[in-house]
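input_4.cif (mmCIF, C-alpha atoms) appears below.
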```cif
data_coords
#
loop_
_atom_site.group_PDB
_atom_site.id
_atom_site.type_symbol
_atom_site.label_atom_id
_atom_site.label_comp_id
_atom_site.auth_asym_id
_atom_site.auth_seq_id
_atom_site.Cartn_x
_atom_site.Cartn_y
_atom_site.Cartn_z
ATOM 1 C CA MET U 1 125.785 88.975 167.269
ATOM 2 C CA GLU U 2 125.145 87.588 163.803
ATOM 3 C CA PHE U 3 121.670 87.815 162.300
ATOM 4 C CA THR U 4 119.811 86.081 159.510
ATOM 5 C CA ARG U 5 116.306 85.849 158.125
ATOM 6 C CA LEU U 6 113.875 83.272 159.462
ATOM 7 C CA GLY U 7 113.447 80.993 156.472
ATOM 8 C CA ARG U 8 111.963 82.790 153.476
ATOM 9 C CA THR U 9 110.354 85.492 155.618
ATOM 10 C CA GLY U 10 111.613 89.028 156.052
ATOM 11 C CA LEU U 11 111.955 88.556 159.834
ATOM 12 C CA THR U 12 115.492 89.115 161.128
ATOM 13 C CA VAL U 13 116.584 86.888 164.000
ATOM 14 C CA SER U 14 119.817 86.176 165.855
ATOM 15 C CA ARG U 15 121.892 83.119 164.902
ATOM 16 C CA LEU U 16 121.341 81.775 168.419
ATOM 17 C CA CYS U 17 117.911 81.295 169.970
ATOM 18 C CA LEU U 18 117.454 81.492 173.730
ATOM 19 C CA GLY U 19 115.597 78.401 174.916
ATOM 20 C CA THR U 20 113.743 78.847 178.196
ATOM 21 C CA MET U 21 112.679 75.317 179.152
ATOM 22 C CA ASN U 22 114.773 75.462 182.334
ATOM 23 C CA PHE U 23 113.122 78.647 183.599
ATOM 24 C CA GLY U 24 111.058 77.945 186.684
ATOM 25 C CA VAL U 25 112.194 74.314 186.844
ATOM 26 C CA HIS U 26 115.974 74.482 187.206
ATOM 27 C CA THR U 27 116.401 78.270 187.120
ATOM 28 C CA ASP U 28 114.447 80.561 189.427
ATOM 29 C CA GLU U 29 112.717 83.705 188.185
ATOM 30 C CA ALA U 30 115.400 86.149 189.278
ATOM 31 C CA ASP U 31 118.151 84.192 187.522
ATOM 32 C CA ALA U 32 115.932 83.711 184.475
ATOM 33 C CA HIS U 33 115.480 87.463 184.235
ATOM 34 C CA ARG U 34 119.245 87.945 184.447
ATOM 35 C CA ILE U 35 119.742 85.426 181.649
ATOM 36 C CA MET U 36 117.186 87.200 179.452
ATOM 37 C CA ASP U 37 118.725 90.598 180.167
ATOM 38 C CA THR U 38 122.172 89.255 179.287
ATOM 39 C CA ALA U 39 120.880 87.580 176.130
ATOM 40 C CA SER U 40 119.287 90.824 174.999
ATOM 41 C CA GLU U 41 122.486 92.741 175.724
ATOM 42 C CA LEU U 42 124.435 90.201 173.657
ATOM 43 C CA GLY U 43 122.077 90.738 170.729
ATOM 44 C CA ILE U 44 120.037 87.529 170.997
ATOM 45 C CA ASN U 45 116.558 88.613 169.964
ATOM 46 C CA LEU U 46 114.839 85.232 169.442
ATOM 47 C CA PHE U 47 113.429 83.720 172.660
ATOM 48 C CA ASP U 48 111.708 80.334 172.529
ATOM 49 C CA THR U 49 109.256 78.910 175.044
ATOM 50 C CA ALA U 50 106.069 76.796 175.218
ATOM 51 C CA ASP U 51 102.794 76.981 177.078
ATOM 52 C CA VAL U 52 103.536 73.669 178.815
ATOM 53 C CA TYR U 53 106.999 74.604 180.121
ATOM 54 C CA GLY U 54 107.100 74.353 183.882
ATOM 55 C CA TRP U 55 105.439 70.933 183.719
ATOM 56 C CA PRO U 56 104.325 68.692 185.178
ATOM 57 C CA GLU U 57 103.232 70.573 188.269
ATOM 58 C CA GLN U 58 103.361 74.160 187.000
ATOM 59 C CA ARG U 59 102.402 74.236 183.335
ATOM 60 C CA GLY U 60 102.596 77.820 182.106
ATOM 61 C CA LEU U 61 105.162 78.924 184.670
ATOM 62 C CA THR U 62 107.888 79.647 182.112
ATOM 63 C CA GLU U 63 105.616 81.874 180.016
ATOM 64 C CA THR U 64 104.649 83.696 183.219
ATOM 65 C CA ILE U 65 108.311 84.316 184.071
ATOM 66 C CA ILE U 66 108.933 85.678 180.585
ATOM 67 C CA GLY U 67 105.816 87.832 180.827
ATOM 68 C CA ASN U 68 107.030 89.341 184.094
ATOM 69 C CA TRP U 69 110.339 90.137 182.389
ATOM 70 C CA LEU U 70 108.633 91.772 179.415
ATOM 71 C CA ALA U 71 106.432 93.803 181.762
ATOM 72 C CA GLN U 72 109.509 95.545 183.167
ATOM 73 C CA GLY U 73 109.574 97.636 179.997
ATOM 74 C CA GLY U 74 112.749 99.277 178.807
ATOM 75 C CA GLY U 75 112.123 98.121 175.238
ATOM 76 C CA ARG U 76 112.191 94.450 176.202
ATOM 77 C CA ARG U 77 109.139 93.552 174.147
ATOM 78 C CA GLU U 78 110.155 95.623 171.151
ATOM 79 C CA LYS U 79 113.633 94.082 171.029
ATOM 80 C CA THR U 80 112.454 90.489 171.380
ATOM 81 C CA VAL U 81 110.985 88.004 168.927
ATOM 82 C CA ILE U 82 108.799 85.855 171.158
ATOM 83 C CA ALA U 83 108.239 82.270 170.022
ATOM 84 C CA THR U 84 105.965 79.970 171.977
ATOM 85 C CA LYS U 85 104.266 76.641 171.297
ATOM 86 C CA LEU U 86 101.039 74.757 171.817
ATOM 87 C CA TYR U 87 99.938 71.117 171.507
ATOM 88 C CA MET U 88 100.645 69.326 174.775
ATOM 89 C CA ASP U 89 97.895 68.978 177.389
ATOM 90 C CA MET U 90 97.435 71.998 179.642
ATOM 91 C CA GLY U 91 94.650 70.394 181.658
ATOM 92 C CA ASP U 92 92.540 67.283 182.034
ATOM 93 C CA GLY U 93 89.744 68.255 179.645
ATOM 94 C CA PRO U 94 89.219 66.591 176.257
ATOM 95 C CA ASN U 95 90.046 69.847 174.430
ATOM 96 C CA ASP U 96 93.020 70.882 176.567
ATOM 97 C CA GLY U 97 95.595 69.585 174.086
ATOM 98 C CA LYS U 98 96.418 69.097 170.400
ATOM 99 C CA LEU U 99 95.451 71.465 167.573
ATOM 100 C CA SER U 100 91.701 71.714 167.115
ATOM 101 C CA ALA U 101 90.451 75.185 166.209
ATOM 102 C CA LEU U 102 88.920 75.471 169.670
ATOM 103 C CA ARG U 103 92.171 74.455 171.352
ATOM 104 C CA ILE U 104 94.177 76.945 169.243
ATOM 105 C CA ARG U 105 91.784 79.769 170.131
ATOM 106 C CA ARG U 106 91.915 79.039 173.850
ATOM 107 C CA ALA U 107 95.655 78.365 173.918
ATOM 108 C CA VAL U 108 96.719 81.596 172.250
ATOM 109 C CA ASP U 109 94.632 83.714 174.600
ATOM 110 C CA ALA U 110 96.084 81.918 177.631
ATOM 111 C CA SER U 111 99.654 82.367 176.362
ATOM 112 C CA LEU U 112 99.081 86.057 175.615
ATOM 113 C CA LYS U 113 97.829 86.556 179.169
ATOM 114 C CA ARG U 114 100.804 84.774 180.730
ATOM 115 C CA LEU U 115 103.295 86.550 178.453
ATOM 116 C CA GLN U 116 101.645 89.926 179.146
ATOM 117 C CA THR U 117 101.721 90.907 175.502
ATOM 118 C CA ASP U 118 99.104 91.472 172.832
ATOM 119 C CA TYR U 119 100.793 89.440 170.092
ATOM 120 C CA ILE U 120 103.107 86.450 169.625
ATOM 121 C CA ASP U 121 105.749 86.749 166.927
ATOM 122 C CA LEU U 122 106.122 83.029 166.166
ATOM 123 C CA TYR U 123 103.367 80.608 167.184
ATOM 124 C CA GLN U 124 104.624 77.043 166.891
ATOM 125 C CA MET U 125 102.833 73.712 166.813
ATOM 126 C CA HIS U 126 104.809 71.590 169.301
ATOM 127 C CA HIS U 127 103.967 68.341 167.494
ATOM 128 C CA VAL U 128 101.977 67.239 164.480
ATOM 129 C CA ASP U 129 98.291 66.544 165.190
ATOM 130 C CA ARG U 130 97.242 63.543 163.115
ATOM 131 C CA ASP U 131 93.608 63.877 164.209
ATOM 132 C CA THR U 132 92.929 67.433 163.017
ATOM 133 C CA PRO U 133 92.724 68.294 159.298
ATOM 134 C CA TRP U 134 95.083 70.929 157.964
ATOM 135 C CA GLU U 135 92.151 72.953 156.660
ATOM 136 C CA GLU U 136 90.954 73.413 160.242
ATOM 137 C CA ILE U 137 94.407 74.236 161.593
ATOM 138 C CA TRP U 138 95.183 76.797 158.905
ATOM 139 C CA GLN U 139 91.767 78.421 159.176
ATOM 140 C CA ALA U 140 92.332 78.906 162.905
ATOM 141 C CA MET U 141 95.824 80.312 162.342
ATOM 142 C CA GLU U 142 94.558 82.654 159.618
ATOM 143 C CA VAL U 143 92.030 84.071 162.070
ATOM 144 C CA LEU U 144 94.773 84.693 164.650
ATOM 145 C CA VAL U 145 96.905 86.508 162.064
ATOM 146 C CA ALA U 146 93.899 88.622 161.002
ATOM 147 C CA GLN U 147 93.191 89.436 164.658
ATOM 148 C CA GLY U 148 96.804 90.502 165.165
ATOM 149 C CA LYS U 149 97.369 87.906 167.886
ATOM 150 C CA ILE U 150 100.191 86.136 166.015
ATOM 151 C CA VAL U 151 102.535 87.139 163.201
ATOM 152 C CA TYR U 152 104.150 83.905 161.958
ATOM 153 C CA VAL U 153 103.397 80.200 162.358
ATOM 154 C CA GLY U 154 106.016 77.527 163.023
ATOM 155 C CA SER U 155 106.189 73.803 163.656
ATOM 156 C CA SER U 156 108.217 71.479 165.833
ATOM 157 C CA ASN U 157 109.012 67.772 165.606
ATOM 158 C CA PHE U 158 107.419 67.403 162.162
ATOM 159 C CA ALA U 159 108.457 64.748 159.666
ATOM 160 C CA GLY U 160 109.430 65.843 156.175
ATOM 161 C CA TRP U 161 106.101 64.760 154.682
ATOM 162 C CA HIS U 162 104.229 66.647 157.398
ATOM 163 C CA LEU U 163 106.051 69.818 156.344
ATOM 164 C CA ALA U 164 105.161 69.202 152.701
ATOM 165 C CA GLN U 165 101.528 68.498 153.565
ATOM 166 C CA ALA U 166 101.297 71.642 155.692
ATOM 167 C CA GLN U 167 102.859 73.872 153.060
ATOM 168 C CA GLU U 168 100.877 72.570 150.127
ATOM 169 C CA THR U 169 97.624 72.993 152.053
ATOM 170 C CA ALA U 170 98.612 76.528 153.071
ATOM 171 C CA LYS U 171 99.557 77.380 149.495
ATOM 172 C CA ALA U 172 96.125 76.310 148.290
ATOM 173 C CA ARG U 173 94.638 78.783 150.791
ATOM 174 C CA ASN U 174 96.995 81.617 149.713
ATOM 175 C CA PHE U 175 98.490 81.536 153.215
ATOM 176 C CA LEU U 176 102.194 81.850 154.047
ATOM 177 C CA GLY U 177 102.197 78.613 156.032
ATOM 178 C CA LEU U 178 105.217 77.616 158.096
ATOM 179 C CA ALA U 179 108.062 80.029 158.748
ATOM 180 C CA SER U 180 110.109 77.641 160.893
ATOM 181 C CA GLU U 181 110.597 74.070 162.058
ATOM 182 C CA GLN U 182 112.169 73.171 165.389
ATOM 183 C CA SER U 183 113.677 69.676 165.521
ATOM 184 C CA LEU U 184 116.275 67.539 167.262
ATOM 185 C CA TYR U 185 119.477 67.962 165.242
ATOM 186 C CA ASN U 186 123.113 67.762 166.264
ATOM 187 C CA LEU U 187 126.296 65.856 165.459
ATOM 188 C CA LEU U 188 125.022 62.770 167.278
ATOM 189 C CA GLU U 189 121.502 62.869 165.842
ATOM 190 C CA ARG U 190 121.470 63.575 162.096
ATOM 191 C CA LYS U 191 118.360 61.742 160.851
ATOM 192 C CA LEU U 192 116.873 65.094 159.771
ATOM 193 C CA GLU U 193 119.231 64.988 156.809
ATOM 194 C CA LEU U 194 117.128 62.209 155.252
ATOM 195 C CA GLU U 195 113.921 64.141 154.627
ATOM 196 C CA VAL U 196 113.318 67.068 157.004
ATOM 197 C CA ILE U 197 116.258 69.172 155.866
ATOM 198 C CA PRO U 198 115.481 68.681 152.147
ATOM 199 C CA ALA U 199 111.897 69.717 152.941
ATOM 200 C CA VAL U 200 112.783 72.877 154.878
ATOM 201 C CA GLN U 201 115.203 73.915 152.140
ATOM 202 C CA ARG U 202 112.647 73.288 149.398
ATOM 203 C CA TYR U 203 109.909 75.243 151.183
ATOM 204 C CA GLY U 204 112.041 78.030 152.648
ATOM 205 C CA ILE U 205 111.411 77.065 156.269
ATOM 206 C CA GLY U 206 113.917 78.173 158.912
ATOM 207 C CA LEU U 207 115.409 75.316 160.952
ATOM 208 C CA MET U 208 115.870 75.780 164.709
ATOM 209 C CA PRO U 209 117.687 72.721 166.123
ATOM 210 C CA TRP U 210 116.938 71.867 169.725
ATOM 211 C CA SER U 211 119.319 69.993 172.054
ATOM 212 C CA PRO U 212 122.395 71.090 170.067
ATOM 213 C CA LEU U 213 124.697 69.401 172.618
ATOM 214 C CA HIS U 214 122.471 66.301 172.862
ATOM 215 C CA SER U 215 121.836 66.530 176.609
ATOM 216 C CA GLY U 216 125.466 67.479 177.220
ATOM 217 C CA LEU U 217 127.042 64.522 175.393
ATOM 218 C CA LEU U 218 128.705 66.923 172.954
ATOM 219 C CA GLY U 219 129.852 69.302 175.681
ATOM 220 C CA GLY U 220 132.920 67.394 176.888
ATOM 221 C CA VAL U 221 131.044 64.796 178.911
ATOM 222 C CA LEU U 222 133.911 62.282 179.149
ATOM 223 C CA ARG U 223 136.425 64.856 180.305
ATOM 224 C CA LYS U 224 133.964 66.188 182.861
ATOM 225 C CA GLU U 225 133.294 62.678 184.142
ATOM 226 C CA ARG U 226 137.030 62.117 184.621
ATOM 227 C CA GLU U 227 137.255 65.426 186.469
ATOM 228 C CA GLY U 228 134.274 64.502 188.631
ATOM 229 C CA VAL U 229 132.260 67.594 187.673
ATOM 230 C CA ARG U 230 129.428 65.902 185.768
ATOM 231 C CA ARG U 231 127.226 62.852 186.141
ATOM 232 C CA THR U 232 125.456 61.744 182.988
ATOM 233 C CA VAL U 233 121.682 61.974 183.289
ATOM 234 C CA ALA U 234 119.757 58.738 182.832
ATOM 235 C CA ARG U 235 118.233 59.664 179.475
ATOM 236 C CA ALA U 236 121.701 60.262 178.008
ATOM 237 C CA ALA U 237 123.461 57.308 179.643
ATOM 238 C CA ALA U 238 122.375 54.785 177.003
ATOM 239 C CA ALA U 239 123.438 57.066 174.163
ATOM 240 C CA LEU U 240 126.797 57.626 175.834
ATOM 241 C CA ALA U 241 127.350 53.895 176.256
ATOM 242 C CA ALA U 242 126.475 53.234 172.599
ATOM 243 C CA ARG U 243 128.592 56.047 171.169
ATOM 244 C CA ARG U 244 131.403 56.286 173.712
ATOM 245 C CA ASP U 245 134.222 55.626 171.226
ATOM 246 C CA ALA U 246 132.916 58.279 168.819
ATOM 247 C CA ILE U 247 132.474 60.808 171.608
ATOM 248 C CA GLN U 248 136.015 60.144 172.813
ATOM 249 C CA ALA U 249 137.342 60.671 169.263
ATOM 250 C CA TYR U 250 135.350 63.903 169.132
ATOM 251 C CA GLU U 251 136.793 65.181 172.404
ATOM 252 C CA ASP U 252 140.283 64.224 171.203
ATOM 253 C CA LEU U 253 139.712 66.284 168.052
ATOM 254 C CA ALA U 254 138.537 69.233 170.154
ATOM 255 C CA ALA U 255 141.706 69.039 172.256
ATOM 256 C CA GLU U 256 143.816 68.777 169.106
ATOM 257 C CA ILE U 257 142.425 71.954 167.542
ATOM 258 C CA GLY U 258 142.251 73.800 170.854
ATOM 259 C CA HIS U 259 138.519 74.449 171.226
ATOM 260 C CA GLU U 260 135.870 73.355 173.689
ATOM 261 C CA PRO U 261 133.692 70.455 172.483
ATOM 262 C CA GLY U 262 130.496 72.411 173.050
ATOM 263 C CA ASP U 263 131.764 75.292 170.943
ATOM 264 C CA ILE U 264 132.541 72.892 168.102
ATOM 265 C CA ALA U 265 129.080 71.298 168.260
ATOM 266 C CA LEU U 266 127.368 74.688 167.990
ATOM 267 C CA ALA U 267 129.779 75.934 165.326
ATOM 268 C CA TRP U 268 129.054 72.800 163.270
ATOM 269 C CA LEU U 269 125.322 73.509 163.404
ATOM 270 C CA LEU U 270 125.882 77.149 162.459
ATOM 271 C CA ALA U 271 127.846 75.954 159.423
ATOM 272 C CA GLN U 272 124.921 73.874 158.098
ATOM 273 C CA PRO U 273 123.118 75.742 155.279
ATOM 274 C CA ALA U 274 119.615 74.866 156.459
ATOM 275 C CA VAL U 275 120.119 76.018 160.055
ATOM 276 C CA THR U 276 118.745 79.380 161.137
ATOM 277 C CA ALA U 277 119.454 79.343 164.868
ATOM 278 C CA PRO U 278 120.281 76.544 167.315
ATOM 279 C CA VAL U 279 118.186 76.699 170.472
ATOM 280 C CA VAL U 280 120.456 76.955 173.520
ATOM 281 C CA GLY U 281 118.947 76.426 176.972
ATOM 282 C CA PRO U 282 121.261 77.877 179.621
ATOM 283 C CA ARG U 283 120.545 77.433 183.295
ATOM 284 C CA THR U 284 122.969 80.232 184.226
ATOM 285 C CA VAL U 285 124.402 83.420 182.751
ATOM 286 C CA ASP U 286 127.813 81.741 182.521
ATOM 287 C CA GLN U 287 126.363 78.961 180.369
ATOM 288 C CA LEU U 288 124.850 81.594 178.088
ATOM 289 C CA HIS U 289 128.220 83.293 177.625
ATOM 290 C CA THR U 290 129.728 79.897 176.819
ATOM 291 C CA SER U 291 127.170 79.334 174.045
ATOM 292 C CA VAL U 292 127.875 82.700 172.432
ATOM 293 C CA ARG U 293 131.558 81.764 172.020
ATOM 294 C CA ALA U 294 130.611 79.473 169.155
ATOM 295 C CA LEU U 295 129.748 82.467 166.988
ATOM 296 C CA GLU U 296 133.438 83.354 166.875
ATOM 297 C CA LEU U 297 134.485 79.893 165.692
ATOM 298 C CA THR U 298 134.670 78.972 162.017
ATOM 299 C CA LEU U 299 135.460 75.331 161.345
ATOM 300 C CA ASP U 300 137.739 74.727 158.381
ATOM 301 C CA PRO U 301 136.855 72.070 155.753
ATOM 302 C CA LYS U 302 139.325 69.537 157.164
ATOM 303 C CA VAL U 303 137.742 69.715 160.606
ATOM 304 C CA LEU U 304 134.250 69.449 159.112
ATOM 305 C CA ALA U 305 135.363 66.365 157.184
ATOM 306 C CA ARG U 306 136.764 64.762 160.330
ATOM 307 C CA LEU U 307 133.521 65.438 162.161
ATOM 308 C CA ASP U 308 131.661 63.647 159.372
ATOM 309 C CA GLU U 309 134.002 60.690 159.814
ATOM 310 C CA ILE U 310 133.380 60.563 163.568
ATOM 311 C CA PHE U 311 129.631 61.179 163.321
ATOM 312 C CA PRO U 312 128.528 60.063 159.831
ATOM 313 C CA GLY U 313 125.513 61.841 158.418
ATOM 314 C CA TYR U 314 122.942 60.898 155.802
ATOM 315 C CA ARG U 315 122.356 61.628 152.173
ATOM 316 C CA PRO U 316 118.838 62.808 151.320
ATOM 317 C CA ALA U 317 116.276 60.054 150.817
ATOM 318 C CA PRO U 318 115.911 57.954 148.733
ATOM 319 C CA GLU U 319 119.572 57.924 147.682
ATOM 320 C CA GLU U 320 120.631 57.073 151.231
ATOM 321 C CA TYR U 321 119.020 53.667 150.964
ATOM 322 C CA ALA U 322 118.164 53.222 147.278
ATOM 323 C CA TRP U 323 119.534 54.834 144.107
#
```

Starting from the file, give its structure as structure tokens.
Amino acid sequence: MEFTRLGRTGLTVSRLCLGTMNFGVHTDEADAHRIMDTASELGINLFDTADVYGWPEQRGLTETIIGNWLAQGGGRREKTVIATKLYMDMGDGPNDGKLSALRIRRAVDASLKRLQTDYIDLYQMHHVDRDTPWEEIWQAMEVLVAQGKIVYVGSSNFAGWHLAQAQETAKARNFLGLASEQSLYNLLERKLELEVIPAVQRYGIGLMPWSPLHSGLLGGVLRKEREGVRRTVARAAAALAARRDAIQAYEDLAAEIGHEPGDIALAWLLAQPAVTAPVVGPRTVDQLHTSVRALELTLDPKVLARLDEIFPGYRPAPEEYAW
């Protein structure tokens, strides 16, 4: 396993992050525990979850499954960097969602109970809260750090200016601020290159891309359709229809250089300077092993250039659209 630091912090994390959104929904607890054991054996030490995972019927179920795994002992907690999130509604009450100081206080205690641990390594805001001032958010997070309930704070799905606003407010309070940002980023979806990636690089924030295969569209979807082993899910069908020619060119390139499309998609992300660790969300142990293969693949400059031709990216704003 390869390791790197999380942004500008001294925290060492694996170059792949284990995403757990499928645990309890598509993967039962026993299989989830096998996946986590295998990930730990492979050297993956960064596990990502959220308080709401298991929704809509069983919010909190995924954290509970992870907590039961940690409770087995054997150094599981000590070897693992646990990252969870808050923001989305966990109940029907007016303070059961978002990022008020009250919500943060209640949410962290509930997550700690489900995870069966006394601290969270990386506590992430699942979405920006436009209704709560940063002074309130950072004060609440500072209290949690002082109490030893969390170590680092991260964000997810923030715009570039949200990252700047968060960091400048934290700086004024002599607080570390954000250690990480988790966003949608892959060969098919590169809008982060406009403003988010310049922001994370400027502020030393680690980038954790989610959906690195874009709901499977970068995992050989056309070949699998021809072989009758995959049916495109509804949310990806429109994207496939709009980008079918590009995806076919991508799969042709993969066949030409002799690597699986999914491996190339992950290897491309790992080659991006701003990326700390793509978040992979296996449903099975076999899928986890498949993801790890990408660590052995280094894409040469000619292949990277061809990928840019197939899936054009963006220059940083404002040069992308102005001068």

- Query: Care to translate the PyMOL selection byres ((chain U and resi 209) around 8) into actual residues of this file, as a PyMOL selection string?
  - Reply: chain U and resi 182-186+207-208+210-212+275+277-279

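Each of U:Ser100, U:Gln165, U:Thr290, U:Thr38 was compared to Glu260 in chain U using only C-alpha atoms, and U:Thr290 turns out to be the nearest.
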
- Task: For CA of Ser291 in chain U and CA of Trp55 in chain U, determine how far apart the two atoms are, in Å to one decimal place.
- Result: 25.2 Å

- Message: Applying 7 Å and only C-alpha atoms, which residues near Thr80 in chain U remain after dropping the ones on its own chain fewer than 2 positions away? List them as an NGL selection string.
- Response: :U and (45-47 or 76-78 or 82)

Write out, as a PDB file, keeping the file's coordinate frame, the residues just selected, with C-alpha atoms.
```
ATOM      1  CA  ASN U  45     116.558  88.613 169.964  1.00  0.00           C
ATOM      2  CA  LEU U  46     114.839  85.232 169.442  1.00  0.00           C
ATOM      3  CA  PHE U  47     113.429  83.720 172.660  1.00  0.00           C
ATOM      4  CA  ARG U  76     112.191  94.450 176.202  1.00  0.00           C
ATOM      5  CA  ARG U  77     109.139  93.552 174.147  1.00  0.00           C
ATOM      6  CA  GLU U  78     110.155  95.623 171.151  1.00  0.00           C
ATOM      7  CA  ILE U  82     108.799  85.855 171.158  1.00  0.00           C
TER       8      ILE U  82
END
```

- Task: Find the residues with any atom within 12 Å of (127.6, 76.2, 178.6); use all atoms listed in the file and the coordinates as given in the file, and write the answer as an MDAnalysis selection string.
- Result: chainID U and resid 212:213 215:216 218:221 260:263 265:266 280:294

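The nearest approach to Asn95 in chain U among the residues U:Leu187, U:Leu16, U:Ala107, U:Ala317, with all atoms listed in the file taken into account, belongs to U:Ala107.
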
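Proximity ranking of U:Gln248, U:Gly206, U:Asn68, U:Leu192 relative to Lys224 in chain U places U:Gln248 first, based on only C-alpha atoms.
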
- Suppose you want the space between CA of Gly54 in chain U and CA of Thr27 in chain U; what is it in Å? 10.6 Å

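Among the candidates U:Ala242, U:Ile150, U:Ile120, U:Leu188, the residue lying nearest to Tyr314 in chain U is U:Leu188 (atoms considered: all atoms listed in the file).
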
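Nearest residue to Glu181 in chain U, choosing from U:Leu269, U:Gly67, U:Gln201, U:Ser156 and counting only C-alpha atoms: U:Ser156.
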
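Considering the residues U:Ser111, U:Thr132, U:Ser40, U:Gln116 and counting all atoms listed in the file, Cys17 in chain U has its shortest atom-to-atom contact with U:Ser40.
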
- Quote the spacing between CA of Phe311 in chain U and CA of Arg244 in chain U in Å to one decimal place. 11.6 Å

- Item | Residues near Arg114 in chain U, cut-off 9 Å, all atoms listed in the file, skip fewer than 3 positions along chain, as a ChimeraX atom specification | /U:51,60-68,109-111,117

- Item | Close residues, Met88 in chain U itself excluded, 10 Å, all atoms listed in the file, min 3 positions apart in chain, as a PyMOL selection string | chain U and resi 50-53+85+91+96-99+125-127

The centre and edge lengths of an axis-aligned box containing all atoms of range 141-144 of chain U present in the file, extended by 5 Å on each side, are to be given in Å to one decimal, as JSON.
```
{"center_x": 93.9, "center_y": 82.5, "center_z": 162.1, "size_x": 13.8, "size_y": 14.4, "size_z": 15.0}
```

- Radius query 9 Å about (97.8, 71.7, 153.7), atoms used: only C-alpha atoms, as a ChimeraX atom specification: /U:133-135,137-138,162-173,177
